[in-house]
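For reference, final_22.txt is printed below; it contains compact mmCIF, C-alpha atoms.
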```
# COMPACT_ATOMS: atom_id res chain seq x y z
CA MET A 1 9.05 0.60 -33.24
CA LYS A 2 11.23 -0.94 -30.51
CA VAL A 3 10.30 -4.34 -29.14
CA GLY A 4 8.38 -3.91 -25.87
CA MET A 5 7.34 -0.33 -26.67
CA SER A 6 3.65 0.44 -26.98
CA VAL A 7 2.31 2.84 -29.58
CA SER A 8 1.52 5.31 -26.80
CA GLY A 9 4.79 4.64 -25.02
CA LEU A 10 2.94 3.72 -21.83
CA ARG A 11 3.51 0.42 -20.03
CA VAL A 12 1.68 -0.61 -16.86
CA GLY A 13 2.00 -3.51 -14.43
CA VAL A 14 -0.18 -4.20 -11.40
CA ALA A 15 -0.42 -6.75 -8.60
CA SER A 16 -2.29 -7.05 -5.31
CA VAL A 17 -2.33 -9.23 -2.21
CA ASN A 18 -4.49 -9.75 0.85
CA ILE A 19 -3.31 -8.01 4.04
CA ASN A 20 -5.96 -9.11 6.54
CA PRO A 21 -4.52 -8.64 10.04
CA PRO A 22 -4.46 -11.42 12.63
CA MET A 23 -7.44 -11.49 14.96
CA GLY A 24 -6.86 -9.83 18.31
CA LEU A 25 -4.53 -7.12 16.98
CA ARG A 26 -5.72 -3.67 18.01
CA LYS A 27 -7.21 -1.30 15.47
CA GLY A 28 -5.55 2.04 14.89
CA GLY A 29 -7.41 5.08 16.13
CA PHE A 30 -8.18 7.12 19.18
CA ARG A 31 -10.65 6.33 21.97
CA LEU A 32 -13.59 4.63 20.27
CA PHE A 33 -11.79 2.67 17.58
CA GLY A 34 -8.83 1.06 19.36
CA GLU A 35 -10.46 -2.24 20.31
CA PRO A 36 -9.08 -5.60 19.12
CA ILE A 37 -10.01 -6.93 15.68
CA THR A 38 -12.50 -9.78 16.04
CA SER A 39 -13.54 -10.46 12.43
CA VAL A 40 -12.99 -9.46 8.80
CA ASP A 41 -16.08 -8.70 6.71
CA ASP A 42 -14.31 -7.47 3.57
CA ASP A 43 -10.76 -8.48 2.74
CA MET A 44 -8.12 -5.80 3.10
CA GLU A 45 -5.87 -5.37 0.08
CA LEU A 46 -2.49 -3.97 -0.80
CA GLY A 47 -1.68 -3.25 -4.43
CA VAL A 48 1.19 -1.84 -6.44
CA ALA A 49 0.86 -0.22 -9.87
CA ILE A 50 3.93 0.57 -11.95
CA LEU A 51 3.74 3.02 -14.84
CA GLN A 52 6.55 3.51 -17.35
CA SER A 53 6.70 6.03 -20.18
CA LYS A 54 9.44 7.87 -22.04
CA GLY A 55 12.18 6.49 -19.79
CA ALA A 56 10.45 7.43 -16.54
CA THR A 57 9.02 5.03 -13.98
CA ILE A 58 6.58 5.79 -11.18
CA ALA A 59 4.78 3.51 -8.75
CA ILE A 60 1.64 3.73 -6.65
CA ILE A 61 1.08 1.68 -3.51
CA GLY A 62 -2.60 1.45 -2.59
CA CYS A 63 -3.19 0.02 0.85
CA ASP A 64 -6.15 -0.69 3.15
CA LEU A 65 -4.34 0.56 6.23
CA GLY A 66 -5.92 3.17 8.43
CA SER A 67 -2.77 5.18 9.02
CA ALA A 68 1.00 5.06 8.98
CA THR A 69 3.72 7.30 10.36
CA ARG A 70 6.08 9.19 8.09
CA GLU A 71 8.84 6.69 8.94
CA GLU A 72 6.58 3.72 8.10
CA SER A 73 5.56 5.38 4.84
CA HIS A 74 9.21 5.97 3.95
CA GLU A 75 10.03 2.30 4.63
CA PHE A 76 7.20 1.15 2.33
CA ARG A 77 8.14 3.62 -0.42
CA ASP A 78 11.86 2.81 -0.11
CA THR A 79 11.08 -0.89 -0.58
CA VAL A 80 9.43 -0.18 -3.94
CA ALA A 81 12.03 2.40 -4.98
CA GLU A 82 14.89 0.00 -4.32
CA ILE A 83 13.34 -2.79 -6.39
CA LEU A 84 12.53 -0.46 -9.29
CA LYS A 85 15.78 1.51 -8.96
CA ILE A 86 13.94 4.83 -8.80
CA GLU A 87 13.84 7.70 -6.32
CA ARG A 88 11.47 7.53 -3.36
CA SER A 89 9.82 10.68 -4.70
CA HIS A 90 8.55 8.60 -7.64
CA VAL A 91 6.57 6.30 -5.32
CA LEU A 92 3.16 7.36 -4.01
CA PHE A 93 1.85 5.61 -0.89
CA ASN A 94 -1.93 5.90 -0.61
CA LEU A 95 -3.96 4.75 2.40
CA SER A 96 -7.69 4.16 2.51
CA HIS A 97 -8.44 5.75 5.85
CA ASN A 98 -10.46 3.31 7.92
CA HIS A 99 -10.94 2.21 11.50
CA SER A 100 -10.77 -1.51 10.78
CA ALA A 101 -7.06 -1.86 10.05
CA ALA A 102 -4.49 -2.93 12.58
CA THR A 103 -2.27 -0.38 14.23
CA LEU A 104 1.40 -0.47 13.25
CA ARG A 105 4.51 0.05 15.38
CA GLY A 106 4.14 3.83 15.13
CA ASN A 107 1.05 3.43 17.35
CA ASN A 108 -1.28 5.95 15.67
CA GLY A 109 -3.48 6.43 18.70
CA SER A 110 -4.04 2.96 20.09
CA PRO A 111 -2.18 2.01 23.23
CA ILE A 112 0.24 -0.82 22.45
CA ASN A 113 0.49 -3.57 25.02
CA GLN A 114 3.98 -5.02 25.25
CA GLU A 115 2.57 -8.52 24.71
CA ASP A 116 1.07 -7.32 21.37
CA LEU A 117 4.40 -6.03 20.06
CA PRO A 118 5.67 -9.35 18.58
CA VAL A 119 2.42 -9.75 16.60
CA ILE A 120 2.52 -6.12 15.46
CA ASN A 121 6.16 -6.54 14.38
CA GLU A 122 5.35 -9.72 12.47
CA TYR A 123 2.38 -8.08 10.73
CA GLN A 124 4.31 -4.93 9.79
CA ASN A 125 7.35 -6.87 8.57
CA GLY A 126 4.93 -8.99 6.54
CA LEU A 127 3.54 -5.82 4.96
CA VAL A 128 7.02 -4.85 3.79
CA ASP A 129 7.48 -8.34 2.34
CA LYS A 130 4.09 -8.14 0.59
CA ILE A 131 4.92 -4.72 -0.86
CA ALA A 132 8.14 -6.19 -2.27
CA GLN A 133 6.26 -9.23 -3.61
CA CYS A 134 3.63 -7.03 -5.29
CA THR A 135 6.27 -4.78 -6.80
CA ARG A 136 8.15 -7.73 -8.30
CA SER A 137 4.91 -9.27 -9.62
CA ALA A 138 3.75 -5.97 -11.13
CA LEU A 139 7.13 -5.50 -12.81
CA ALA A 140 7.08 -9.07 -14.18
CA ASN A 141 3.58 -8.49 -15.60
CA ILE A 142 4.17 -5.08 -17.16
CA LYS A 143 2.32 -4.65 -20.45
CA ASP A 144 1.62 -2.06 -23.11
CA ALA A 145 -1.23 0.20 -22.06
CA ARG A 146 -3.09 3.28 -23.13
CA MET A 147 -4.78 6.03 -21.22
CA ALA A 148 -7.90 7.93 -22.19
CA HIS A 149 -10.28 10.45 -20.73
CA ALA A 150 -13.82 11.60 -21.36
CA TRP A 151 -16.25 14.31 -20.30
CA GLY A 152 -19.73 13.72 -19.03
CA ALA A 153 -22.37 14.50 -16.47
CA ALA A 154 -24.10 12.38 -13.87
CA ASP A 155 -27.36 13.27 -12.20
CA LEU A 156 -26.44 11.65 -8.91
CA ASN A 157 -26.56 13.28 -5.49
```

Encoded form using structure tokens:
Amino acid sequence: MKVGMSVSGLRVGVASVNINPPMGLRKGGFRLFGEPITSVDDDMELGVAILQSKGATIAIIGCDLGSATREESHEFRDTVAEILKIERSHVLFNLSHNHSAATLRGNNGSPINQEDLPVINEYQNGLVDKIAQCTRSALANIKDARMAHAWGAADLN
């Protein structure tokens, strides 16, 4: 067996960071949800998972943002792809749809006041930096892993 190769051939690395927005930034959303953020009850997170097996690498970005434009999504995915030296198509960007996250430059329904733009730019640029940081940390912490599945039933709902 090669050094650094798990029995299953699967290696996984993960990392996450806090992405709480600054107070006063507007939430993304239409009509009812576009008011400024005044508090954070539960921390918002951004995480990156890297999976490697049989010479292939994929990554998943999980993010507590409410929405992102196609261009913003491409920027986030390209950041990970460049660090890992993989194609953008091997990076999944997943959002947890919510109405508590800050709006990004792409607007996504909330009117952007010109005076808010510097804060929005700083927050969004910080997201790109945090995605890069998470990707590098996940890669540095990659370990042998295994995957399993099971069948069952739950009498819920």

(message) Please determine, counting all atoms listed in the file, which residue among A:Ala59, A:Ile86, A:Ala101, A:Met23 has the shortest atom-to-atom distance to Asp116 (chain A).
(response)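 Ranked by minimum distance to Asp116 (chain A), first place goes to A:Met23.
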
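One finds CA of Ile120 (chain A) at 9.2 Å from CA of Pro21 (chain A).
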
(message) Excluding region 46-58 of chain A and its own-chain neighbours fewer than 4 positions away, which residues fall within 6 Å of it when counting only C-alpha atoms? Please give them as a ChimeraX atom specification.
(response) /A:9-17,62-63,90-91,134-135

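Taking CA of Glu45 (chain A) and CA of Asn98 (chain A) as the two end points, the separation is 12.6 Å.
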
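For the pair CA of Val119 (chain A) and CA of Gly24 (chain A), the separation is 9.4 Å.
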
(request) Find the residue from A:Ala150, A:Leu92, A:Leu84, A:Ile37 that sits nearest to Ile60 (chain A); use all atoms listed in the file when measuring. (result) A:Leu92

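Of the listed residues A:Leu139, A:Ala148, A:Leu127, A:Ala153, the one whose atoms come nearest to Ala102 (chain A) is A:Leu127, with distances taken using only C-alpha atoms.
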
(request) Pick out the closest residue to Met44 (chain A) from this set: A:Ser96, A:Gln124, A:Thr103, A:Ser89. Count only C-alpha atoms. (result)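 Result for the nearest residue to Met44 (chain A): A:Ser96.
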
I need every residue sitting at most 12 Å from the point (-3.3, 7.6, 8.2) (coordinates as in the file, only C-alpha atoms considered), written as a PDB file with C-alpha atoms, in the frame of the given file.
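Result file part.pdb:
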```pdb
ATOM      1  CA  GLY A  28      -5.550   2.040  14.890  1.00  0.00           C
ATOM      2  CA  GLY A  29      -7.410   5.080  16.130  1.00  0.00           C
ATOM      3  CA  CYS A  63      -3.190   0.020   0.850  1.00  0.00           C
ATOM      4  CA  ASP A  64      -6.150  -0.690   3.150  1.00  0.00           C
ATOM      5  CA  LEU A  65      -4.340   0.560   6.230  1.00  0.00           C
ATOM      6  CA  GLY A  66      -5.920   3.170   8.430  1.00  0.00           C
ATOM      7  CA  SER A  67      -2.770   5.180   9.020  1.00  0.00           C
ATOM      8  CA  ALA A  68       1.000   5.060   8.980  1.00  0.00           C
ATOM      9  CA  THR A  69       3.720   7.300  10.360  1.00  0.00           C
ATOM     10  CA  ARG A  70       6.080   9.190   8.090  1.00  0.00           C
ATOM     11  CA  GLU A  72       6.580   3.720   8.100  1.00  0.00           C
ATOM     12  CA  SER A  73       5.560   5.380   4.840  1.00  0.00           C
ATOM     13  CA  PHE A  93       1.850   5.610  -0.890  1.00  0.00           C
ATOM     14  CA  ASN A  94      -1.930   5.900  -0.610  1.00  0.00           C
ATOM     15  CA  LEU A  95      -3.960   4.750   2.400  1.00  0.00           C
ATOM     16  CA  SER A  96      -7.690   4.160   2.510  1.00  0.00           C
ATOM     17  CA  HIS A  97      -8.440   5.750   5.850  1.00  0.00           C
ATOM     18  CA  ASN A  98     -10.460   3.310   7.920  1.00  0.00           C
ATOM     19  CA  HIS A  99     -10.940   2.210  11.500  1.00  0.00           C
ATOM     20  CA  ALA A 101      -7.060  -1.860  10.050  1.00  0.00           C
ATOM     21  CA  ALA A 102      -4.490  -2.930  12.580  1.00  0.00           C
ATOM     22  CA  THR A 103      -2.270  -0.380  14.230  1.00  0.00           C
ATOM     23  CA  LEU A 104       1.400  -0.470  13.250  1.00  0.00           C
ATOM     24  CA  GLY A 106       4.140   3.830  15.130  1.00  0.00           C
ATOM     25  CA  ASN A 107       1.050   3.430  17.350  1.00  0.00           C
ATOM     26  CA  ASN A 108      -1.280   5.950  15.670  1.00  0.00           C
ATOM     27  CA  GLY A 109      -3.480   6.430  18.700  1.00  0.00           C
TER      28      GLY A 109
END
```
